[in-house]
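Below is the file coords03.pdb, which contains PDB, C-alpha atoms.
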```pdb
ATOM      1  CA  MET A  10      72.160  96.964 128.079
ATOM      2  CA  VAL A  11      74.184  97.902 125.015
ATOM      3  CA  VAL A  12      76.739  95.809 123.149
ATOM      4  CA  LEU A  13      79.843  97.621 121.919
ATOM      5  CA  GLN A  14      81.777  95.973 119.097
ATOM      6  CA  SER A  15      85.090  97.283 117.828
ATOM      7  CA  GLU A  16      88.638  96.523 116.847
ATOM      8  CA  ALA A  17      90.867  97.096 119.841
ATOM      9  CA  LEU A  18      94.314  96.757 121.338
ATOM     10  CA  THR A  19      94.699  95.157 124.748
ATOM     11  CA  LEU A  20      96.505  97.572 127.058
ATOM     12  CA  ARG A  21      96.440  95.968 130.484
ATOM     13  CA  THR A  22      94.735  93.409 132.683
ATOM     14  CA  TYR A  23      94.155  93.317 136.433
ATOM     15  CA  PRO A  24      93.379  90.159 138.422
ATOM     16  CA  TYR A  25      89.904  89.934 139.901
ATOM     17  CA  ALA A  26      89.061  87.174 142.352
ATOM     18  CA  GLU A  27      90.640  83.798 141.573
ATOM     19  CA  ALA A  28      89.592  83.224 137.999
ATOM     20  CA  HIS A  29      88.814  86.549 136.388
ATOM     21  CA  GLN A  30      90.498  89.679 135.071
ATOM     22  CA  VAL A  31      89.548  93.258 134.373
ATOM     23  CA  ALA A  32      90.852  94.155 130.913
ATOM     24  CA  VAL A  33      91.538  97.626 129.553
ATOM     25  CA  PHE A  34      91.413  98.137 125.793
ATOM     26  CA  LEU A  35      92.089 100.954 123.374
ATOM     27  CA  SER A  36      89.170 100.526 120.996
ATOM     28  CA  ARG A  37      89.011 102.014 117.550
ATOM     29  CA  ASP A  38      85.437 103.248 117.872
ATOM     30  CA  PHE A  39      84.909 103.980 121.571
ATOM     31  CA  GLY A  40      88.288 105.007 122.967
ATOM     32  CA  LYS A  41      89.404 103.357 126.179
ATOM     33  CA  LEU A  42      87.124 100.545 127.325
ATOM     34  CA  ARG A  43      87.182  98.479 130.527
ATOM     35  CA  ALA A  44      85.554  95.074 130.752
ATOM     36  CA  MET A  45      85.352  92.135 133.128
ATOM     37  CA  ALA A  46      86.846  89.055 131.494
ATOM     38  CA  TYR A  47      85.203  86.200 133.346
ATOM     39  CA  GLY A  48      87.266  83.001 133.389
ATOM     40  CA  ALA A  49      90.380  84.659 131.955
ATOM     41  CA  ARG A  50      92.563  83.240 134.763
ATOM     42  CA  SER A  51      90.871  79.870 135.014
ATOM     43  CA  ARG A  52      92.313  76.634 133.638
ATOM     44  CA  ARG A  53      90.375  77.004 130.441
ATOM     45  CA  ARG A  54      91.790  80.540 130.016
ATOM     46  CA  ALA A  55      88.777  82.153 128.429
ATOM     47  CA  PHE A  56      89.865  84.582 125.669
ATOM     48  CA  GLY A  57      93.265  82.845 125.394
ATOM     49  CA  SER A  58      96.170  85.115 124.431
ATOM     50  CA  GLY A  59      93.840  87.890 123.303
ATOM     51  CA  LEU A  60      94.473  89.666 126.601
ATOM     52  CA  GLU A  61      98.254  89.882 126.154
ATOM     53  CA  PRO A  62      99.606  93.480 125.877
ATOM     54  CA  LEU A  63      99.099  95.169 122.493
ATOM     55  CA  THR A  64      97.341  92.193 120.932
ATOM     56  CA  HIS A  65      95.145  93.409 118.068
ATOM     57  CA  VAL A  66      91.663  92.003 118.646
ATOM     58  CA  ARG A  67      87.996  92.376 117.811
ATOM     59  CA  ILE A  68      85.975  92.652 120.974
ATOM     60  CA  SER A  69      82.353  92.600 121.991
ATOM     61  CA  VAL A  70      81.535  94.240 125.329
ATOM     62  CA  ALA A  71      78.104  94.244 126.968
ATOM     63  CA  ARG A  72      77.524  97.189 129.245
ATOM     64  CA  LYS A  73      74.668  98.842 131.040
ATOM     65  CA  GLU A  74      74.033 102.455 130.145
ATOM     66  CA  HIS A  75      76.172 104.923 132.114
ATOM     67  CA  GLN A  76      78.238 102.067 133.546
ATOM     68  CA  GLU A  77      82.013 102.228 133.112
ATOM     69  CA  LEU A  78      82.827  98.545 133.489
ATOM     70  CA  GLY A  79      81.292  96.167 130.967
ATOM     71  CA  VAL A  80      81.493  92.415 130.436
ATOM     72  CA  LEU A  81      83.768  91.006 127.756
ATOM     73  CA  LYS A  82      81.670  88.669 125.620
ATOM     74  CA  SER A  83      84.152  87.849 122.861
ATOM     75  CA  CYS A  84      87.760  88.617 121.999
ATOM     76  CA  GLU A  85      88.887  87.472 118.552
ATOM     77  CA  ILE A  86      92.589  87.850 117.746
ATOM     78  CA  VAL A  87      93.405  89.768 114.571
ATOM     79  CA  ARG A  88      97.155  89.844 115.108
ATOM     80  CA  ALA A  89      99.207  88.737 118.084
ATOM     81  CA  PHE A  90     102.777  89.549 119.092
ATOM     82  CA  PRO A  91     103.766  86.639 121.354
ATOM     83  CA  ALA A  92     106.415  87.583 123.898
ATOM     84  CA  TYR A  93     108.559  84.577 122.976
ATOM     85  CA  GLU A  94     108.887  85.878 119.407
ATOM     86  CA  LEU A  95     110.165  89.275 120.538
ATOM     87  CA  SER A  96     113.485  90.322 121.998
ATOM     88  CA  TRP A  97     113.766  91.299 125.638
ATOM     89  CA  GLU A  98     114.222  94.939 124.560
ATOM     90  CA  VAL A  99     111.096  94.904 122.399
ATOM     91  CA  ASN A 100     109.051  93.307 125.193
ATOM     92  CA  LEU A 101     110.124  96.098 127.553
ATOM     93  CA  HIS A 102     109.062  98.687 124.985
ATOM     94  CA  PHE A 103     105.693  96.965 124.559
ATOM     95  CA  GLY A 104     105.027  97.614 128.231
ATOM     96  CA  TYR A 105     106.103 101.234 127.747
ATOM     97  CA  PHE A 106     103.873 101.738 124.703
ATOM     98  CA  ALA A 107     100.910 100.232 126.542
ATOM     99  CA  GLU A 108     101.416 102.533 129.543
ATOM    100  CA  LEU A 109     101.686 105.565 127.257
ATOM    101  CA  LEU A 110      98.395 104.611 125.621
ATOM    102  CA  LEU A 111      96.737 104.098 129.009
ATOM    103  CA  GLU A 112      97.749 107.613 130.023
ATOM    104  CA  PHE A 113      97.050 109.462 126.791
ATOM    105  CA  SER A 114      93.891 107.767 125.501
ATOM    106  CA  ASN A 115      90.443 108.878 126.650
ATOM    107  CA  GLU A 116      87.307 107.069 127.732
ATOM    108  CA  GLU A 117      84.390 107.148 125.316
ATOM    109  CA  GLU A 118      86.315 109.003 122.631
ATOM    110  CA  ALA A 119      86.932 107.509 119.182
ATOM    111  CA  SER A 120      90.652 107.268 118.507
ATOM    112  CA  GLU A 121      91.023 106.407 114.821
ATOM    113  CA  ARG A 122      94.276 108.312 114.242
ATOM    114  CA  LEU A 123      95.861 107.025 117.431
ATOM    115  CA  PHE A 124      94.738 103.503 116.627
ATOM    116  CA  ARG A 125      96.219 103.662 113.130
ATOM    117  CA  LEU A 126      99.481 105.045 114.552
ATOM    118  CA  VAL A 127      99.856 102.116 116.929
ATOM    119  CA  LEU A 128      99.084  99.532 114.242
ATOM    120  CA  ALA A 129     101.581 101.133 111.860
ATOM    121  CA  VAL A 130     104.336 101.086 114.495
ATOM    122  CA  LEU A 131     103.584  97.533 115.635
ATOM    123  CA  GLY A 132     103.605  96.384 112.044
ATOM    124  CA  GLN A 133     107.309  97.237 111.803
ATOM    125  CA  ILE A 134     108.677  95.756 115.028
ATOM    126  CA  HIS A 135     110.322  92.872 113.177
ATOM    127  CA  ASP A 136     111.877  95.114 110.533
ATOM    128  CA  LYS A 137     112.887  98.407 112.167
ATOM    129  CA  PRO A 138     115.011  99.162 115.257
ATOM    130  CA  ILE A 139     112.787  99.462 118.306
ATOM    131  CA  LEU A 140     114.566 102.640 119.482
ATOM    132  CA  LEU A 141     113.717 104.337 116.192
ATOM    133  CA  LEU A 142     110.093 103.203 116.396
ATOM    134  CA  ALA A 143     109.884 104.346 120.023
ATOM    135  CA  ARG A 144     110.957 107.888 119.167
ATOM    136  CA  TYR A 145     108.517 107.971 116.241
ATOM    137  CA  PHE A 146     105.693 106.756 118.476
ATOM    138  CA  GLU A 147     106.454 109.213 121.277
ATOM    139  CA  PHE A 148     106.608 112.294 119.059
ATOM    140  CA  TRP A 149     103.518 111.346 117.092
ATOM    141  CA  LEU A 150     101.607 110.668 120.295
ATOM    142  CA  LEU A 151     102.541 114.135 121.533
ATOM    143  CA  ARG A 152     101.539 115.627 118.185
ATOM    144  CA  LEU A 153      98.123 113.947 118.266
ATOM    145  CA  GLU A 154      97.660 115.308 121.786
ATOM    146  CA  GLY A 155      98.442 118.793 120.458
ATOM    147  CA  VAL A 156     101.363 119.277 122.848
ATOM    148  CA  LEU A 157     104.370 118.772 120.565
ATOM    149  CA  PRO A 158     106.229 122.103 120.320
ATOM    150  CA  ALA A 159     107.895 123.339 117.148
ATOM    151  CA  LEU A 160     111.012 121.189 116.965
ATOM    152  CA  GLU A 161     113.177 124.070 115.750
ATOM    153  CA  GLU A 162     112.549 125.723 119.127
ATOM    154  CA  ARG A 163     113.982 122.747 121.033
ATOM    155  CA  LEU A 164     116.604 121.268 118.708
ATOM    156  CA  PRO A 165     119.525 122.470 116.555
ATOM    157  CA  PRO A 166     118.303 123.527 113.077
ATOM    158  CA  ASP A 167     119.733 120.544 111.174
ATOM    159  CA  LEU A 168     118.454 117.979 113.661
ATOM    160  CA  ALA A 169     115.065 119.696 113.850
ATOM    161  CA  ALA A 170     114.742 119.551 110.058
ATOM    162  CA  ARG A 171     115.625 115.861 109.928
ATOM    163  CA  ALA A 172     113.315 115.078 112.840
ATOM    164  CA  THR A 173     110.474 116.866 111.043
ATOM    165  CA  GLY A 174     111.113 114.779 107.923
ATOM    166  CA  PHE A 175     111.314 111.677 110.080
ATOM    167  CA  LEU A 176     107.794 112.295 111.377
ATOM    168  CA  GLN A 177     106.465 112.878 107.877
ATOM    169  CA  ALA A 178     107.452 109.358 106.822
ATOM    170  CA  ALA A 179     105.472 106.190 107.457
ATOM    171  CA  PRO A 180     107.030 103.709 109.926
ATOM    172  CA  SER A 181     107.764 101.363 107.013
ATOM    173  CA  GLN A 182     109.921 104.100 105.429
ATOM    174  CA  LEU A 183     112.134 104.790 108.450
ATOM    175  CA  THR A 184     115.849 104.241 107.959
ATOM    176  CA  GLU A 185     118.507 103.545 110.574
ATOM    177  CA  ASP A 186     120.965 106.139 109.274
ATOM    178  CA  VAL A 187     118.691 109.162 109.713
ATOM    179  CA  PHE A 188     120.170 109.951 113.160
ATOM    180  CA  THR A 189     123.428 109.278 114.938
ATOM    181  CA  VAL A 190     123.374 107.466 118.273
ATOM    182  CA  GLU A 191     123.910 110.794 120.051
ATOM    183  CA  GLU A 192     121.087 112.467 118.126
ATOM    184  CA  LEU A 193     118.714 109.609 118.894
ATOM    185  CA  GLN A 194     119.577 109.994 122.576
ATOM    186  CA  ARG A 195     118.855 113.712 122.367
ATOM    187  CA  LEU A 196     115.452 113.017 120.830
ATOM    188  CA  GLU A 197     114.785 110.463 123.558
ATOM    189  CA  GLY A 198     115.587 113.037 126.224
ATOM    190  CA  LEU A 199     113.287 115.613 124.650
ATOM    191  CA  ALA A 200     110.414 113.136 124.330
ATOM    192  CA  GLU A 201     110.868 112.064 127.933
ATOM    193  CA  GLU A 202     110.867 115.688 129.110
ATOM    194  CA  LEU A 203     107.698 116.526 127.182
ATOM    195  CA  ILE A 204     105.834 113.407 128.311
ATOM    196  CA  GLU A 205     106.731 113.919 131.961
ATOM    197  CA  PHE A 206     105.737 117.578 131.761
ATOM    198  CA  GLN A 207     102.374 116.606 130.305
ATOM    199  CA  LEU A 208     101.688 113.834 132.825
ATOM    200  CA  GLU A 209     103.449 115.548 135.733
ATOM    201  CA  ARG A 210     105.253 112.335 136.619
ATOM    202  CA  ARG A 211     107.547 109.664 135.212
ATOM    203  CA  LEU A 212     106.007 106.487 133.862
ATOM    204  CA  LYS A 213     106.962 103.289 135.693
ATOM    205  CA  THR A 214     107.906 101.544 132.457
ATOM    206  CA  ARG A 215     110.044 104.520 131.393
ATOM    207  CA  LYS A 216     112.023 104.235 134.594
ATOM    208  CA  MET A 217     112.445 100.506 133.959
ATOM    209  CA  LEU A 218     113.728 101.132 130.439
ATOM    210  CA  LYS A 219     116.352 103.548 131.701
ATOM    211  CA  GLU A 220     117.506 101.124 134.400
ATOM    212  CA  LEU A 221     117.651  98.001 132.259
ATOM    213  CA  LEU A 222     118.714  99.193 128.797
TER     214      LEU A 222
END
```
As structure tokens, the full file:
Amino acid sequence: MVVLQSEALTLRTYPYAEAHQVAVFLSRDFGKLRAMAYGARSRRRAFGSGLEPLTHVRISVARKEHQELGVLKSCEIVRAFPAYELSWEVNLHFGYFAELLLEFSNEEEASERLFRLVLAVLGQIHDKPILLLARYFEFWLLRLEGVLPALEERLPPDLAARATGFLQAAPSQLTEDVFTVEELQRLEGLAEELIEFQLERRLKTRKMLKELL
């Protein structure tokens, strides 16, 4: 039995029996981790709000060697983003970000750069437009995966140059006037095309965003 300890982001939970949940985390040190959260659905709600999507936590997972599913021993909240504090639009994007991370993160593979990207984007959700942060997150995720093409091959020269500069900035430095509404929509379409090509399907949360926003 080994005990894995790491900072993590909660990505998703699945109900198990009447009182438990299986939780999926993006951990800083071990990539994607799955753990049984005993009592998470009981009245006492073991682990509290630490299992809400994209909550930044410190976890301890006990797991037998060569076993994929461990047991969640502790889940300490570092920073939470309660749904009631966020707009409806931001909550929808949280689900989208979490699904992207589920698809693009790997089991048993340290994900320091990806982890830092997510924290940097989440740190600006109260200060920057969510559509701007979403495009930044999508393109950087594709870049970290090594599948982002040269933007000048897919976009007009001026827009490609500004999009390149956009990705060179930190999320805290993003400004609303960098793109027009039409340009932002064009970037959204390109990101969607590239993600669907990579995954060979459309994400459920992406479809929901297009239908509801």
Selection result of the PyMOL selection byres ((chain A and resi 73-75) around 6) on this file, as a list in words
Met10, Arg72 and Gln76 of chain A
Contacts of A:Gln182 within 12 Å, all atoms listed in the file, excl. fewer than 6 positions in-chain, as number ranges by chain
A: 129-130, 132-133, 136-137, 141-142, 145, 174-176
Residue by residue, what does the PyMOL selection byres ((chain A and resi 57-71) around 7) grab here? Present the result as a ChimeraX atom specification.
/A:10-21,44,54-56,72,79-90,107
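With atom CA of A:Leu78 on one side and atom CA of A:Arg43 on the other, the separation reads 5.3 Å.
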Just want the 12 Å neighbourhood of A:Leu193, counted on all atoms listed in the file, with same-chain residues fewer than 5 positions away dropped. Output as an MDAnalysis selection string.
chainID A and resid 138:145 164 168:169 171:172 175 185:188 198:200
Within 8 Å of A:Pro24, counting only C-alpha atoms, which residues show up once you throw out same-chain ones fewer than 6 positions away? Write them as a ChimeraX atom specification, please.
/A:30-31,50
Output of the above residues as an mmCIF file, in the frame of the given file, restricted to C-alpha atoms:
```cif
data_model
loop_
_atom_site.group_PDB
_atom_site.id
_atom_site.type_symbol
_atom_site.label_atom_id
_atom_site.label_comp_id
_atom_site.auth_asym_id
_atom_site.auth_seq_id
_atom_site.Cartn_x
_atom_site.Cartn_y
_atom_site.Cartn_z
ATOM 1 C CA GLN A 30 90.498 89.679 135.071
ATOM 2 C CA VAL A 31 89.548 93.258 134.373
ATOM 3 C CA ARG A 50 92.563 83.240 134.763
#
```
With stretch 207-222 of chain A as the partner and 10 Å as the cut-off, tabulate the residues of stretch 100-127 of chain A that qualify, each row holding the nearest pair of atoms and their distance in Å to one decimal, using only C-alpha atoms, sorted by chain and rising number, as a tab-separated table.
```
residue	atom	partner	partner_atom	distance
A:Leu101	CA	A:Leu218	CA	6.8
A:His102	CA	A:Leu218	CA	7.6
A:Phe103	CA	A:Thr214	CA	9.4
A:Gly104	CA	A:Thr214	CA	6.4
A:Tyr105	CA	A:Thr214	CA	5.1
A:Phe106	CA	A:Thr214	CA	8.7
A:Ala107	CA	A:Thr214	CA	9.3
A:Glu108	CA	A:Thr214	CA	7.2
A:Leu109	CA	A:Leu212	CA	7.9
A:Glu112	CA	A:Leu208	CA	7.9
A:Phe113	CA	A:Leu208	CA	8.8
```
